[in-house]
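Chemist: Structure supplied as query_36.txt; contents: compact mmCIF, C-alpha atoms.
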```txt
# COMPACT_ATOMS: atom_id res chain seq x y z
CA MET A 1 0.00 0.00 0.00
CA GLN A 2 1.25 3.45 -0.89
CA ASP A 3 1.61 6.09 1.80
CA TYR A 4 -0.44 9.20 1.25
CA ILE A 5 1.16 11.99 3.25
CA ALA A 6 -1.48 14.10 4.96
CA VAL A 7 -0.16 16.80 7.28
CA SER A 8 -2.00 19.87 5.93
CA GLU A 9 -5.67 20.33 6.83
CA ILE A 10 -6.81 19.85 3.23
CA SER A 11 -4.78 16.64 2.90
CA LYS A 12 -6.29 15.35 6.15
CA GLU A 13 -9.78 16.03 4.74
CA ILE A 14 -8.84 14.23 1.51
CA LEU A 15 -7.52 11.25 3.50
CA ASN A 16 -10.73 11.14 5.57
CA SER A 17 -12.78 11.04 2.35
CA ALA A 18 -10.53 8.30 0.98
CA THR A 19 -10.88 6.29 4.19
CA LEU A 20 -14.67 6.50 3.86
CA LEU A 21 -14.43 5.44 0.20
CA LYS A 22 -12.61 2.24 1.21
CA SER A 23 -15.84 0.82 2.59
CA LEU A 24 -18.41 2.40 0.25
CA GLY A 25 -17.66 0.44 -2.90
CA VAL A 26 -18.61 3.27 -5.28
CA ASN A 27 -16.81 4.63 -8.32
CA ALA A 28 -14.67 7.68 -7.54
CA LEU A 29 -12.66 10.18 -9.54
CA ILE A 30 -9.46 11.75 -8.20
CA ILE A 31 -8.58 15.00 -9.97
CA GLY A 32 -5.38 17.03 -9.78
CA GLN A 33 -2.25 18.21 -11.51
CA LYS A 34 0.57 15.86 -12.38
CA GLY A 35 2.48 14.81 -9.26
CA VAL A 36 -0.08 15.64 -6.56
CA GLY A 37 -0.50 12.03 -5.39
CA LYS A 38 -3.55 10.83 -7.31
CA LYS A 39 -2.32 7.25 -7.82
CA GLU A 40 -1.06 7.04 -4.22
CA LEU A 41 -4.50 8.05 -2.97
CA ALA A 42 -6.20 5.57 -5.32
CA SER A 43 -3.88 2.82 -4.02
CA PHE A 44 -4.79 3.84 -0.48
CA ILE A 45 -8.50 3.47 -1.28
CA ILE A 46 -8.13 0.06 -2.93
CA PRO A 47 -4.79 -1.45 -1.89
CA ASN A 48 -3.24 -4.02 -4.22
CA ALA A 49 -5.63 -3.13 -7.04
CA LYS A 50 -4.31 -3.42 -10.56
CA VAL A 51 -3.59 -0.05 -12.18
CA TYR A 52 -4.60 0.34 -15.82
CA GLU A 53 -3.62 3.10 -18.21
CA ALA A 54 -6.90 4.35 -19.75
CA LYS A 55 -5.83 4.19 -23.42
CA GLU A 56 -4.47 0.65 -23.10
CA LEU A 57 -7.54 -0.50 -21.15
CA GLN A 58 -9.86 0.85 -23.84
CA VAL A 59 -7.94 -1.08 -26.52
CA ASP A 60 -8.13 -4.27 -24.41
CA ILE A 61 -11.88 -3.82 -23.84
CA ASN A 62 -12.45 -3.14 -27.54
CA ASP A 63 -10.37 -6.19 -28.56
CA ASN A 64 -12.17 -8.27 -25.91
CA VAL A 65 -8.88 -9.46 -24.39
CA ILE A 66 -9.48 -8.37 -20.81
CA THR A 67 -11.36 -10.88 -18.69
CA ILE A 68 -11.99 -9.49 -15.24
CA SER A 69 -15.22 -9.28 -13.33
CA ASN A 70 -16.41 -8.30 -9.88
CA GLU A 71 -13.15 -6.47 -9.12
CA SER A 72 -11.94 -3.05 -8.05
CA ILE A 73 -9.39 -1.38 -10.32
CA VAL A 74 -7.52 1.90 -10.66
CA ILE A 75 -7.58 3.65 -14.03
CA ASP A 76 -4.94 6.29 -14.62
CA ASN A 77 -5.69 9.21 -16.96
CA ILE A 78 -9.39 8.41 -17.41
CA GLU A 79 -9.68 11.50 -19.61
CA ASN A 80 -8.03 9.40 -22.37
CA ILE A 81 -11.08 7.12 -22.68
CA THR A 82 -12.67 8.11 -25.98
CA ASN A 83 -15.29 5.36 -26.40
CA ILE A 84 -17.23 6.17 -23.25
CA GLU A 85 -20.23 3.95 -24.02
CA LEU A 86 -17.97 0.93 -24.51
CA PHE A 87 -16.15 1.59 -21.24
CA ILE A 88 -19.27 2.22 -19.12
CA ASN A 89 -21.09 -0.81 -20.53
CA TRP A 90 -18.06 -3.00 -19.86
CA ALA A 91 -17.72 -1.74 -16.27
CA PHE A 92 -21.41 -2.29 -15.46
CA LYS A 93 -21.61 -5.67 -17.22
CA ASN A 94 -18.54 -6.98 -15.40
CA GLU A 95 -19.34 -5.32 -12.04
CA ILE A 96 -16.08 -3.38 -12.00
CA ARG A 97 -15.54 -0.77 -9.32
CA VAL A 98 -13.35 2.05 -10.63
CA ILE A 99 -11.17 4.53 -8.82
CA ALA A 100 -9.88 6.77 -11.61
CA THR A 101 -7.39 9.61 -11.84
CA SER A 102 -7.50 12.60 -14.13
CA THR A 103 -5.58 15.81 -14.68
CA SER A 104 -8.68 17.31 -16.33
CA LYS A 105 -11.86 18.50 -14.64
CA ASP A 106 -13.60 18.75 -18.01
CA LEU A 107 -14.67 15.18 -18.65
CA ASN A 108 -17.46 14.07 -20.94
CA PRO A 109 -20.74 14.40 -18.96
CA LYS A 110 -21.53 10.67 -19.35
CA LEU A 111 -18.13 9.78 -17.95
CA GLN A 112 -18.52 12.36 -15.18
CA ASP A 113 -21.88 10.81 -14.21
CA PHE A 114 -20.22 7.39 -13.91
CA PHE A 115 -18.43 8.58 -10.76
CA SER A 116 -20.36 8.99 -7.50
CA ILE A 117 -17.65 10.97 -5.76
CA ASN A 118 -14.94 13.39 -6.92
CA ILE A 119 -11.86 14.18 -4.87
CA ASP A 120 -9.86 17.21 -5.95
CA ILE A 121 -6.22 17.26 -4.79
CA PRO A 122 -4.67 20.74 -4.90
CA PRO A 123 -1.01 21.35 -5.85
CA LEU A 124 1.70 21.05 -3.20
CA GLU A 125 2.04 24.83 -3.07
CA GLN A 126 -1.45 24.91 -1.53
CA ARG A 127 -0.50 22.14 0.91
CA LYS A 128 2.79 23.55 2.19
CA GLU A 129 2.70 21.50 5.41
CA ASP A 130 2.97 18.33 3.29
CA ILE A 131 6.21 19.40 1.56
CA LYS A 132 8.69 18.74 4.38
CA PRO A 133 7.43 15.21 5.23
CA LEU A 134 7.33 14.38 1.52
CA ALA A 135 10.88 15.73 1.07
CA ASN A 136 12.00 13.58 4.03
CA LYS A 137 10.36 10.52 2.46
CA PHE A 138 12.20 11.18 -0.82
CA ALA A 139 15.45 11.85 1.06
CA LYS A 140 15.27 8.41 2.71
CA GLU A 141 14.52 6.88 -0.68
CA ALA A 142 17.42 8.74 -2.35
CA GLY A 143 19.79 7.78 0.46
CA LYS A 144 18.96 4.09 -0.03
CA VAL A 145 19.05 4.17 -3.83
CA LEU A 146 22.28 6.17 -4.04
CA GLY A 147 23.95 4.48 -1.06
CA ALA A 148 24.48 7.81 0.67
CA GLU A 149 25.69 7.56 4.24
CA LYS A 150 24.25 10.89 5.35
CA LYS A 151 21.64 13.42 4.32
CA PRO A 152 22.95 16.48 2.43
CA GLU A 153 23.42 19.61 4.54
CA LYS A 154 20.94 21.46 2.38
CA LEU A 155 18.13 19.85 0.41
CA ILE A 156 17.09 21.59 -2.79
CA ILE A 157 13.29 21.91 -2.77
CA ASN A 158 11.51 22.37 -6.11
CA THR A 159 7.72 21.91 -6.17
CA SER A 160 7.04 23.43 -9.61
CA GLU A 161 5.74 20.03 -10.80
CA ASN A 162 4.56 18.89 -7.37
CA ALA A 163 6.05 15.59 -6.14
CA HIS A 164 7.73 14.86 -9.49
CA SER A 165 10.01 17.91 -9.32
CA LEU A 166 10.40 17.54 -5.55
CA ARG A 167 11.72 13.98 -5.91
CA LYS A 168 14.13 15.07 -8.68
CA SER A 169 15.40 18.01 -6.61
CA ILE A 170 16.04 15.77 -3.58
CA TYR A 171 18.00 13.27 -5.69
CA PHE A 172 19.92 16.18 -7.22
CA SER A 173 20.77 17.39 -3.69
CA TYR A 174 22.35 14.02 -2.91
CA LEU A 175 24.20 13.86 -6.20
CA PHE A 176 25.40 17.46 -5.98
CA GLU A 177 26.86 16.90 -2.52
CA SER A 178 28.54 13.63 -3.51
CA ILE A 179 30.17 15.04 -6.65
CA GLY A 180 33.23 17.22 -6.16
CA GLU A 181 33.76 20.67 -7.64
CA SER A 182 36.29 19.39 -10.18
CA GLU A 183 33.83 16.75 -11.44
CA ILE A 184 31.10 19.39 -11.79
CA MET A 185 33.48 21.63 -13.78
CA MET A 186 34.45 18.67 -15.97
CA LEU A 187 30.76 17.85 -16.63
CA LEU A 188 30.00 21.50 -17.45
CA GLU A 189 33.00 21.74 -19.75
CA SER A 190 32.00 18.55 -21.53
CA PHE A 191 28.41 19.76 -21.89
CA ILE A 192 29.51 23.14 -23.29
CA LEU A 193 31.87 21.52 -25.79
CA GLU A 194 29.19 19.08 -26.99
CA ASN A 195 26.50 21.75 -27.32
```
Translate the structure of the given file into structure tokens.
Modeler:
Amino acid sequence: MQDYIAVSEISKEILNSATLLKSLGVNALIIGQKGVGKKELASFIIPNAKVYEAKELQVDINDNVITISNESIVIDNIENITNIELFINWAFKNEIRVIATSTSKDLNPKLQDFFSINIDIPPLEQRKEDIKPLANKFAKEAGKVLGAEKKPEKLIINTSENAHSLRKSIYFSYLFESIGESEIMMLLESFILEN
């Protein structure tokens, strides 16, 4: 099960809604920008559920190669479903519960009606209290992956693309501290010469 970090008040409210959704068994839509934690929240709602990419799922439904029934699934990027009738009929016929993610609030009305509940996750900049614990989570991850013995003195924090840019900036902090000045100059020199 993924951890959904909820320190800010809005994240706590989102987590409370997600906890309620665990037992309701209804279809839900999680909306937000790239990197806000949509898939983590979906995995919290239905742990161990298979995650499908919407475009690929539609092809599999159309080609009749997917054989699941009476299951709960996560669909990423539901806005990429173009044959909405096909998808909705398949889900109802096979008794599929769907927790879907979307970066778009402007879904086709029929698709919008398919979901009983919408959860809107705001960007990290609107959930500032969540940034530090998320940065610490990524720092532990980076330390393990990179074999770093200690945390960098200063972590670079970039939330321009939410958790995606935050994770990259934390890894960069570790790499920057582990690479010496001469290696950085050599890399810059090589880059300049090549470009």
Chemist: Find the residues around range 4-20 of chain A up to 9 Å (only C-alpha atoms counted), leave out those fewer than 5 positions away in its own chain, and share them as a list of chain:residue names.
Modeler: A:Gly37, A:Glu40, A:Leu41, A:Ala42, A:Ser43, A:Phe44, A:Ile45, A:Ile119, A:Asp120, A:Ile121, A:Pro122, A:Gln126, A:Arg127, A:Lys128, A:Glu129, A:Asp130, A:Ile131, A:Pro133, A:Leu134
Chemist: Would you mind listing what lies within 10 Å of Ala91 in chain A as a PDB file with C-alpha atoms, in the frame of the given file, with all atoms listed in the file counted and same-chain residues fewer than 3 positions away left out?
Modeler:
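What follows is the written file selection_30.pdb:
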```pdb
ATOM      1  CA  ILE A  61     -11.880  -3.820 -23.840  1.00  0.00           C
ATOM      2  CA  ILE A  68     -11.990  -9.490 -15.240  1.00  0.00           C
ATOM      3  CA  SER A  69     -15.220  -9.280 -13.330  1.00  0.00           C
ATOM      4  CA  ASN A  70     -16.410  -8.300  -9.880  1.00  0.00           C
ATOM      5  CA  GLU A  71     -13.150  -6.470  -9.120  1.00  0.00           C
ATOM      6  CA  GLU A  85     -20.230   3.950 -24.020  1.00  0.00           C
ATOM      7  CA  LEU A  86     -17.970   0.930 -24.510  1.00  0.00           C
ATOM      8  CA  PHE A  87     -16.150   1.590 -21.240  1.00  0.00           C
ATOM      9  CA  ILE A  88     -19.270   2.220 -19.120  1.00  0.00           C
ATOM     10  CA  ASN A  94     -18.540  -6.980 -15.400  1.00  0.00           C
ATOM     11  CA  GLU A  95     -19.340  -5.320 -12.040  1.00  0.00           C
ATOM     12  CA  ILE A  96     -16.080  -3.380 -12.000  1.00  0.00           C
ATOM     13  CA  ARG A  97     -15.540  -0.770  -9.320  1.00  0.00           C
ATOM     14  CA  VAL A  98     -13.350   2.050 -10.630  1.00  0.00           C
ATOM     15  CA  PHE A 114     -20.220   7.390 -13.910  1.00  0.00           C
TER      16      PHE A 114
END
```
Chemist: Quick one: pull the distance between CA of Leu146 in chain A and CA of Ser160 in chain A, Å, one decimal.
Modeler: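 CA of Leu146 in chain A sits 23.7 Å away from CA of Ser160 in chain A.
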Chemist: Which is closest to Gly25 in chain A among A:Ile81, A:Ile117, A:Leu155, A:Ile170, if we use only C-alpha atoms?
Modeler: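 Of A:Ile81, A:Ile117, A:Leu155, A:Ile170, the one nearest Gly25 in chain A is A:Ile117, counting only C-alpha atoms.
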Chemist: Give, as lines of an AutoDock Vina configuration file, the centre coordinates and the x, y and z edge lengths in Å to one decimal for an axis-aligned box around all listed atoms of range 126-131 of chain A, padded by 4 Å on each side.
Modeler:
```
center_x = 2.4
center_y = 21.6
center_z = 1.9
size_x = 15.7
size_y = 14.6
size_z = 14.9
```
Chemist: Near range 99-103 of chain A, within 7 Å and counting all atoms listed in the file, which residues show up once chain neighbours fewer than 6 positions away are dropped, as a ChimeraX atom specification?
Modeler: /A:27-34,38-39,42,73-79
Chemist: Check the smallest atom-to-atom distance from each of A:Glu53, A:Glu125, A:Met185, A:Lys140 to Ile157 in chain A using all atoms listed in the file, then report the winner.
Modeler: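 Comparing A:Glu53, A:Glu125, A:Met185, A:Lys140 against Ile157 in chain A, the winner is A:Glu125.
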Chemist: Name the residues in contact with Glu153 in chain A at a cut-off of 12 Å, using only C-alpha atoms, excluding same-chain residues fewer than 5 positions from it; report them as an MDAnalysis selection string.
Modeler: chainID A and resid 139 170 173:174 176:178
Chemist: Just how far from CA of Leu124 in chain A is CA of Ser165 in chain A, in Å to one decimal?
Modeler: 10.8 Å
Chemist: Just how far from CA of Val26 in chain A is CA of Asn118 in chain A, in Å to one decimal?
Modeler: 10.9 Å
Chemist: Determine, counting all atoms listed in the file, which protein, DNA and RNA residues have an atom within 12 Å of an atom of Glu141 in chain A; residues of the same chain fewer than 3 positions away are not included. Present the result as a ChimeraX atom specification.
Modeler: /A:134-138,144-148,151,167-168,170-171,174
